[in-house]
$ cat start04.tsv   # TSV, C-alpha atoms
chain	number	residue	atom	x	y	z
A	102	MET	CA	-19.94	-56.12	-93.34
A	103	GLY	CA	-16.16	-56.32	-93.01
A	104	ILE	CA	-14.61	-53.05	-94.16
A	105	LEU	CA	-17.89	-51.12	-93.71
A	106	ARG	CA	-18.15	-52.32	-90.11
A	107	THR	CA	-14.62	-51.16	-89.39
A	108	ARG	CA	-15.29	-47.75	-90.95
A	109	MET	CA	-18.52	-47.32	-88.99
A	110	GLU	CA	-16.87	-48.35	-85.73
A	111	GLN	CA	-14.10	-45.80	-86.29
A	112	ASP	CA	-16.69	-43.10	-87.04
A	113	LEU	CA	-18.55	-43.92	-83.84
A	114	VAL	CA	-15.37	-43.72	-81.78
A	115	LEU	CA	-14.34	-40.41	-83.37
A	116	ARG	CA	-17.75	-38.92	-82.51
A	117	GLY	CA	-17.51	-39.97	-78.90
A	118	ARG	CA	-20.26	-42.59	-78.86
A	119	SER	CA	-20.21	-44.83	-75.81
A	120	GLU	CA	-19.25	-48.48	-76.03
A	121	HIS	CA	-22.88	-49.47	-75.43
A	122	THR	CA	-24.08	-47.23	-78.31
A	123	ARG	CA	-21.35	-48.52	-80.62
A	124	ARG	CA	-22.39	-52.11	-80.04
A	125	ALA	CA	-26.09	-51.31	-80.54
A	126	TYR	CA	-25.49	-49.33	-83.76
A	127	LEU	CA	-23.23	-51.95	-85.30
A	128	ARG	CA	-25.69	-54.70	-84.43
A	129	ALA	CA	-28.59	-52.74	-86.01
A	130	VAL	CA	-26.78	-52.37	-89.35
A	131	ALA	CA	-25.63	-56.00	-89.31
A	132	ASP	CA	-29.23	-57.12	-88.69
A	133	LEU	CA	-30.41	-55.03	-91.65
A	134	ALA	CA	-27.84	-56.72	-93.91
A	135	ARG	CA	-28.82	-60.13	-92.60
A	136	TYR	CA	-32.52	-59.46	-93.26
A	137	HIS	CA	-31.95	-58.57	-96.94
A	138	HIS	CA	-28.98	-60.94	-97.46
A	139	ARG	CA	-27.10	-58.06	-99.07
A	140	SER	CA	-24.54	-55.46	-98.10
A	141	PRO	CA	-26.33	-52.45	-96.52
A	142	ASP	CA	-24.60	-49.98	-98.85
A	143	GLN	CA	-26.50	-51.59	-101.77
A	144	LEU	CA	-29.96	-51.13	-100.27
A	145	SER	CA	-32.49	-48.50	-101.30
A	146	ASP	CA	-34.49	-46.30	-98.95
A	147	SER	CA	-37.60	-48.37	-99.58
A	148	GLU	CA	-35.75	-51.56	-98.61
A	149	VAL	CA	-34.58	-49.95	-95.37
A	150	GLN	CA	-38.14	-48.83	-94.65
A	151	GLN	CA	-39.38	-52.34	-95.38
A	152	TYR	CA	-37.00	-53.65	-92.74
A	153	LEU	CA	-38.18	-51.09	-90.18
A	154	ARG	CA	-41.79	-52.04	-90.78
A	155	TYR	CA	-40.81	-55.68	-90.31
A	156	LEU	CA	-39.34	-54.80	-86.90
A	157	ILE	CA	-42.58	-53.13	-85.84
A	158	ASP	CA	-45.17	-55.41	-87.46
A	159	GLU	CA	-43.57	-58.84	-87.11
A	160	ARG	CA	-40.95	-58.60	-84.40
A	161	CYS	CA	-43.04	-56.18	-82.32
A	162	PHE	CA	-40.13	-53.91	-81.49
A	163	ALA	CA	-40.82	-51.22	-78.92
A	164	TRP	CA	-40.81	-47.68	-80.28
A	165	ALA	CA	-37.68	-46.86	-78.29
A	166	SER	CA	-35.83	-49.76	-79.94
A	167	CYS	CA	-37.03	-48.66	-83.37
A	168	ARG	CA	-35.83	-45.13	-82.70
A	169	GLN	CA	-32.40	-46.45	-81.83
A	170	THR	CA	-32.35	-48.54	-85.02
A	171	VAL	CA	-33.31	-45.49	-87.09
A	172	GLY	CA	-30.50	-43.55	-85.42
A	173	ALA	CA	-28.05	-46.33	-86.21
A	174	LEU	CA	-29.08	-46.56	-89.86
A	175	ARG	CA	-28.99	-42.80	-90.34
A	176	PHE	CA	-25.51	-42.72	-88.83
A	177	PHE	CA	-24.35	-45.46	-91.20
A	178	TYR	CA	-25.75	-43.88	-94.36
A	179	GLU	CA	-25.09	-40.23	-93.56
A	180	VAL	CA	-21.80	-40.40	-91.66
A	181	THR	CA	-20.05	-43.59	-92.72
A	182	LEU	CA	-21.21	-43.56	-96.35
A	183	GLY	CA	-21.47	-39.76	-96.58
A	184	ARG	CA	-24.86	-39.81	-98.30
A	185	PRO	CA	-27.58	-37.11	-98.02
A	186	ARG	CA	-29.87	-37.15	-95.01
A	187	ARG	CA	-32.14	-40.18	-94.96
A	188	ASP	CA	-35.79	-39.49	-94.23
A	189	PHE	CA	-37.28	-42.84	-93.33
A	190	SER	CA	-41.04	-42.48	-93.36
A	191	ILE	CA	-41.99	-44.66	-90.40
A	192	PRO	CA	-43.72	-42.38	-87.87
A	193	LEU	CA	-42.07	-42.57	-84.48
A	194	PRO	CA	-44.09	-41.12	-81.61
A	195	LYS	CA	-42.48	-39.05	-78.92
A	196	ALA	CA	-41.26	-41.05	-75.99
A	197	ALA	CA	-43.25	-40.73	-72.83
A	198	LYS	CA	-41.40	-38.53	-70.37
A	199	ARG	CA	-41.11	-40.20	-67.01
A	200	LEU	CA	-39.34	-38.97	-63.94
A	201	PRO	CA	-36.54	-41.28	-62.82
A	202	GLN	CA	-37.10	-43.33	-59.68
A	203	ILE	CA	-35.23	-41.82	-56.75
A	204	LEU	CA	-34.17	-43.41	-53.48
A	205	SER	CA	-34.54	-41.42	-50.30
A	206	ARG	CA	-31.48	-40.95	-48.11
A	207	GLU	CA	-32.82	-43.64	-45.78
A	208	GLU	CA	-33.24	-46.06	-48.70
A	209	VAL	CA	-29.70	-45.38	-49.94
A	210	ALA	CA	-28.43	-46.21	-46.44
A	211	ARG	CA	-30.43	-49.45	-46.47
A	212	VAL	CA	-28.99	-50.41	-49.88
A	213	LEU	CA	-25.45	-49.84	-48.60
A	214	GLU	CA	-26.21	-51.82	-45.46
A	215	GLY	CA	-27.57	-54.60	-47.68
A	216	THR	CA	-24.22	-55.27	-49.36
A	217	GLN	CA	-22.60	-58.60	-48.57
A	218	ASN	CA	-18.93	-57.68	-48.64
A	219	LEU	CA	-16.51	-54.77	-48.47
A	220	LYS	CA	-15.95	-54.56	-52.22
A	221	HIS	CA	-19.66	-54.37	-53.03
A	222	ARG	CA	-20.20	-51.73	-50.35
A	223	ALA	CA	-17.28	-49.62	-51.64
A	224	LEU	CA	-18.56	-49.92	-55.22
A	225	LEU	CA	-22.10	-48.76	-54.42
A	226	MET	CA	-20.91	-46.10	-52.02
A	227	THR	CA	-18.58	-44.66	-54.69
A	228	THR	CA	-21.36	-44.67	-57.29
A	229	TYR	CA	-23.67	-42.70	-55.00
A	230	ALA	CA	-21.13	-40.43	-53.29
A	231	ALA	CA	-19.63	-39.22	-56.59
A	232	GLY	CA	-22.70	-39.46	-58.85
A	233	LEU	CA	-20.97	-41.80	-61.30
A	234	ARG	CA	-22.35	-43.73	-64.23
A	235	VAL	CA	-21.81	-47.47	-63.95
A	236	SER	CA	-19.37	-47.32	-66.88
A	237	GLU	CA	-17.40	-44.69	-64.95
A	238	VAL	CA	-17.28	-46.38	-61.57
A	239	VAL	CA	-16.03	-49.70	-62.97
A	240	ARG	CA	-13.27	-47.92	-64.90
A	241	LEU	CA	-12.11	-45.84	-61.94
A	242	ARG	CA	-8.34	-46.16	-61.47
A	243	VAL	CA	-6.46	-46.00	-58.20
A	244	SER	CA	-4.61	-42.97	-59.60
A	245	ASP	CA	-7.95	-41.15	-60.09
A	246	ILE	CA	-8.41	-40.78	-56.33
A	247	ASP	CA	-6.98	-37.38	-55.38
A	248	SER	CA	-7.04	-37.38	-51.57
A	249	GLN	CA	-5.04	-34.13	-51.38
A	250	ARG	CA	-7.70	-32.09	-53.17
A	251	MET	CA	-10.57	-34.41	-52.18
A	252	LEU	CA	-11.57	-35.03	-55.80
A	253	LEU	CA	-12.27	-38.03	-58.01
A	254	ARG	CA	-11.08	-37.80	-61.60
A	255	VAL	CA	-13.43	-39.29	-64.18
A	256	GLU	CA	-11.36	-40.06	-67.26
A	257	GLN	CA	-13.08	-40.18	-70.65
A	258	GLY	CA	-16.63	-40.35	-69.36
A	259	LYS	CA	-19.64	-40.23	-71.66
A	260	GLY	CA	-18.87	-38.08	-74.69
A	261	MET	CA	-15.13	-38.77	-74.23
A	262	LYS	CA	-14.86	-35.99	-71.63
A	263	ASP	CA	-12.73	-35.82	-68.48
A	264	ARG	CA	-14.11	-34.20	-65.33
A	265	TYR	CA	-13.69	-34.02	-61.58
A	266	THR	CA	-16.35	-34.86	-59.04
A	267	LEU	CA	-16.64	-35.04	-55.27
A	268	LEU	CA	-14.51	-37.26	-53.03
A	269	SER	CA	-16.43	-37.49	-49.79
A	270	PRO	CA	-14.31	-37.77	-46.61
A	271	ARG	CA	-16.54	-40.66	-45.55
A	272	LEU	CA	-15.99	-42.35	-48.91
A	273	LEU	CA	-12.23	-41.88	-48.62
A	274	VAL	CA	-12.26	-43.70	-45.28
A	275	GLU	CA	-14.25	-46.55	-46.88
A	276	LEU	CA	-11.94	-46.75	-49.92
A	277	ARG	CA	-8.84	-46.87	-47.70
A	278	ARG	CA	-10.43	-49.66	-45.69
A	279	TYR	CA	-11.24	-51.47	-48.92
A	280	TYR	CA	-7.70	-50.91	-50.23
A	281	ARG	CA	-6.09	-52.48	-47.16
A	282	VAL	CA	-8.03	-55.69	-47.78
A	283	TYR	CA	-8.13	-55.98	-51.60
A	284	ARG	CA	-4.93	-54.12	-52.61
A	285	PRO	CA	-6.10	-53.04	-56.10
A	286	THR	CA	-3.20	-52.11	-58.38
A	287	GLU	CA	-4.65	-50.36	-61.44
A	288	TRP	CA	-8.46	-50.58	-61.40
A	289	VAL	CA	-10.20	-49.75	-58.13
A	290	PHE	CA	-12.88	-52.35	-58.86
A	291	ALA	CA	-11.16	-54.97	-60.99
A	292	ASP	CA	-12.54	-58.19	-62.38
A	293	ARG	CA	-11.41	-60.84	-59.93
A	294	ARG	CA	-10.39	-63.24	-62.73
A	295	ARG	CA	-8.33	-60.88	-64.87
A	296	ASN	CA	-6.57	-57.52	-64.83
A	297	ALA	CA	-9.48	-55.57	-66.29
A	298	PRO	CA	-12.33	-53.39	-65.00
A	299	MET	CA	-15.35	-55.10	-63.47
A	300	ASP	CA	-18.09	-55.84	-66.00
A	301	PRO	CA	-20.83	-53.17	-65.70
A	302	ARG	CA	-23.41	-55.96	-65.64
A	303	SER	CA	-21.77	-57.37	-62.52
A	304	ALA	CA	-22.03	-53.96	-60.87
A	305	GLY	CA	-25.71	-53.84	-61.81
A	306	ARG	CA	-26.32	-57.27	-60.27
A	307	ILE	CA	-24.58	-56.17	-57.06
A	308	TYR	CA	-26.96	-53.21	-56.81
A	309	GLN	CA	-30.08	-55.28	-57.50
A	310	ALA	CA	-29.08	-57.87	-54.89
A	311	ALA	CA	-28.45	-55.17	-52.28
A	312	LYS	CA	-31.77	-53.51	-53.12
A	313	ARG	CA	-33.63	-56.79	-52.70
A	314	ARG	CA	-32.00	-57.43	-49.34
A	315	ALA	CA	-32.99	-53.89	-48.29
A	316	GLY	CA	-36.61	-54.67	-49.16
A	317	ILE	CA	-36.83	-51.84	-51.71
A	318	HIS	CA	-39.20	-52.44	-54.63
A	319	LYS	CA	-38.70	-49.25	-56.64
A	320	ALA	CA	-37.90	-49.83	-60.31
A	321	GLY	CA	-34.53	-48.96	-61.79
A	322	GLY	CA	-30.97	-50.19	-61.86
A	323	ILE	CA	-27.71	-48.94	-60.44
A	324	HIS	CA	-28.11	-45.66	-62.37
A	325	THR	CA	-30.72	-44.80	-59.72
A	326	MET	CA	-27.82	-44.09	-57.34
A	327	ARG	CA	-26.61	-41.35	-59.70
A	328	HIS	CA	-30.09	-39.80	-59.95
A	329	SER	CA	-30.37	-39.94	-56.17
A	330	PHE	CA	-26.98	-38.22	-55.79
A	331	ALA	CA	-28.15	-35.33	-57.98
A	332	THR	CA	-31.53	-34.97	-56.29
A	333	HIS	CA	-30.10	-35.09	-52.78
A	334	LEU	CA	-27.59	-32.37	-53.71
A	335	LEU	CA	-30.44	-30.22	-55.04
A	336	GLU	CA	-32.43	-30.73	-51.83
A	337	SER	CA	-29.33	-29.69	-49.88
A	338	GLY	CA	-29.28	-26.35	-51.68
A	339	VAL	CA	-26.66	-26.99	-54.38
A	340	ASP	CA	-27.45	-25.10	-57.59
A	341	VAL	CA	-28.31	-26.94	-60.80
A	342	VAL	CA	-25.28	-25.65	-62.74
A	343	SER	CA	-22.90	-27.07	-60.13
A	344	ILE	CA	-24.75	-30.38	-60.23
A	345	GLN	CA	-24.51	-30.34	-64.03
A	346	ARG	CA	-20.72	-30.07	-63.84
A	347	LEU	CA	-20.44	-32.85	-61.28
A	348	LEU	CA	-22.58	-35.15	-63.45
A	349	GLY	CA	-20.67	-34.27	-66.62
A	350	HIS	CA	-23.75	-33.21	-68.59
A	351	ALA	CA	-23.28	-31.08	-71.72
A	352	ASN	CA	-26.40	-29.02	-71.03
A	353	VAL	CA	-28.51	-28.20	-68.03
A	354	GLU	CA	-31.69	-29.68	-69.59
A	355	THR	CA	-30.19	-33.16	-69.25
A	356	THR	CA	-29.41	-32.43	-65.61
A	357	ALA	CA	-32.96	-31.22	-65.00
A	358	HIS	CA	-34.31	-34.55	-66.26
A	359	SER	CA	-32.03	-36.39	-63.83
A	360	LEU	CA	-33.48	-34.49	-60.90
A	361	HIS	CA	-36.62	-35.42	-59.08
A	362	VAL	CA	-38.38	-33.32	-56.47
A	363	THR	CA	-39.48	-35.68	-53.72
A	364	PRO	CA	-42.85	-35.36	-51.95
A	365	GLN	CA	-40.97	-34.44	-48.76
A	366	SER	CA	-39.22	-31.51	-50.41
A	367	VAL	CA	-42.44	-30.41	-52.10
A	368	GLY	CA	-44.09	-30.31	-48.71
A	369	LYS	CA	-41.46	-27.89	-47.44
A	370	ARG	CA	-42.16	-25.35	-50.16
A	371	ALA	CA	-44.60	-22.48	-49.73
A	372	SER	CA	-47.38	-22.16	-52.27
A	373	PRO	CA	-47.43	-18.80	-54.11
A	374	LEU	CA	-50.90	-18.33	-52.59
A	375	ASP	CA	-49.31	-18.14	-49.14
A	376	LEU	CA	-47.15	-15.22	-50.28
A	377	LEU	CA	-50.09	-13.03	-51.32
A	378	ARG	CA	-51.30	-10.26	-49.03
A	379	LEU	CA	-55.06	-10.68	-49.05
A	380	PRO	CA	-57.53	-8.98	-46.75
A	381	PRO	CA	-59.48	-11.33	-44.53
A	382	VAL	CA	-62.88	-12.42	-45.79
A	383	ALA	CA	-65.81	-11.36	-43.67
A	384	PRO	CA	-67.91	-14.27	-42.39
A	385	ALA	CA	-71.12	-14.92	-44.34
$ encode --input "start04.tsv" --output "structure tokens"
Amino acid sequence: MGILRTRMEQDLVLRGRSEHTRRAYLRAVADLARYHHRSPDQLSDSEVQQYLRYLIDERCFAWASCRQTVGALRFFYEVTLGRPRRDFSIPLPKAAKRLPQILSREEVARVLEGTQNLKHRALLMTTYAAGLRVSEVVRLRVSDIDSQRMLLRVEQGKGMKDRYTLLSPRLLVELRRYYRVYRPTEWVFADRRRNAPMDPRSAGRIYQAAKRRAGIHKAGGIHTMRHSFATHLLESGVDVVSIQRLLGHANVETTAHSLHVTPQSVGKRASPLDLLRLPPVAPA
């Protein structure tokens, strides 16, 4: 793709797409070109649709993967090439809406206790205590820790936005303990082989290992810690708008999807029936 790839990558960066999305979109367009053995800017709509049907019928792509491919191709043709909106005719069903898996407070404690060393414990504790995405926690800098105002600065999070989130006093104690041993210079959680942030996949493996040692079988990766942070704040009485700001969501609907009302908290709520003033029923 050469020049087209460079142009598309620049367009993705300018529109604030995450590194993960940029890689996925570029790969989708490259795969389209490889399938037809031609540059993607020379393909017709019918040829693009043929490729999408191939993904579904022969490669058995999941609908979610196909949706992402459609998004990538539309971005390439409409944004990078500046062509009119592309209406690919492959029907894509709505994704099933599932509530995220949430860890209870006791399970979070077991995960933290299941870490094997100080660095892993500090990493997972920071993820949960501040409600960070894995891409944010691995790129946390030493200078982002504001112990005077008890805040953590998240620089260029998802959507290329800066924000502040909570710095727990308990987390600060843990980070200072971690600092005395590891002496990080730039990145709080650096790759041990080079002066760069830890690979997000490594952080994910640390979480999964700690979860296994804790004997927890709930599905989900390290992002579960962020969902749990939001839900536990809600259960503590923090309003949704405040949680939205801490998570860095653009709209409150996204925050609402991140929240999960646990059976324990449901049990503490009164049914509307209990609030009605009804006369007693005479015995039959």
$ residues_around --input "start04.tsv" --residues "Pro185 of chain A" --least-positions-apart "5" --cutoff "12 Å" --atoms "all atoms listed in the file" --output "ChimeraX atom specification"
/A:146,175-180
$ residues_around --input "start04.tsv" --residues "segment 221-238 of chain A" --least-positions-apart "5" --cutoff "8 Å" --atoms "all atoms listed in the file" --output "PyMOL selection string"
chain A and resi 213-214+216+253+255-256+258+266-269+272+275-276+279+290+301+304-305+307-308+323-324+326-331+347-348
$ atom_distance --input "start04.tsv" --atom1 "atom CA of Arg123 of chain A" --atom2 "atom CA of Arg240 of chain A"
17.7 Å
$ atom_distance --input "start04.tsv" --atom1 "atom CA of Gly183 of chain A" --atom2 "atom CA of Arg128 of chain A"
19.7 Å
$ atom_distance --input "start04.tsv" --atom1 "atom CA of Ala173 of chain A" --atom2 "atom CA of Ala131 of chain A"
10.4 Å
$ residues_around --input "start04.tsv" --residues "Asp292 of chain A" --least-positions-apart "6" --cutoff "10 Å" --atoms "all atoms listed in the file" --output "list of chain:residue names"
A:Val239, A:Pro298, A:Met299, A:Asp300, A:Ser303
$ residues_around --input "start04.tsv" --residues "Gln202 of chain A" --least-positions-apart "4" --cutoff "7 Å" --atoms "only C-alpha atoms" --output "PDB file with C-alpha atoms, in the frame of the given file"
ATOM      1  CA  LYS A 319     -38.700 -49.250 -56.640  1.00  0.00           C
ATOM      2  CA  ALA A 320     -37.900 -49.830 -60.310  1.00  0.00           C
ATOM      3  CA  GLY A 321     -34.530 -48.960 -61.790  1.00  0.00           C
ATOM      4  CA  THR A 325     -30.720 -44.800 -59.720  1.00  0.00           C
TER       5      THR A 325
END
$ closest_residue --input "start04.tsv" --among "A:Thr170, A:Thr107, A:Ser140, A:Ser205" --to "Ile317 of chain A" --atoms "all atoms listed in the file"
A:Ser205
$ residues_around --input "start04.tsv" --residues "Lys312 of chain A" --least-positions-apart "6" --cutoff "8 Å" --atoms "only C-alpha atoms" --output "MDAnalysis selection string"
chainID A and resid 211:212 215 318
$ axis_aligned_box --input "start04.tsv" --around "segment 282-301 of chain A" --padding-each-side "6 Å" --output "JSON"
{"center_x": -12.0, "center_y": -56.5, "center_z": -57.0, "size_x": 29.6, "size_y": 25.5, "size_z": 30.5}
$ closest_residue --input "start04.tsv" --among "A:Val353, A:Leu144, A:Leu133, A:Ala315" --to "Glu207 of chain A" --atoms "only C-alpha atoms"
A:Ala315
$ closest_residue --input "start04.tsv" --among "A:Glu208, A:His350, A:Thr286, A:Arg271" --to "Arg242 of chain A" --atoms "only C-alpha atoms"
A:Thr286
$ closest_residue --input "start04.tsv" --among "A:Arg186, A:His121, A:Arg284, A:Arg346" --to "Gln169 of chain A" --atoms "all atoms listed in the file"
A:His121
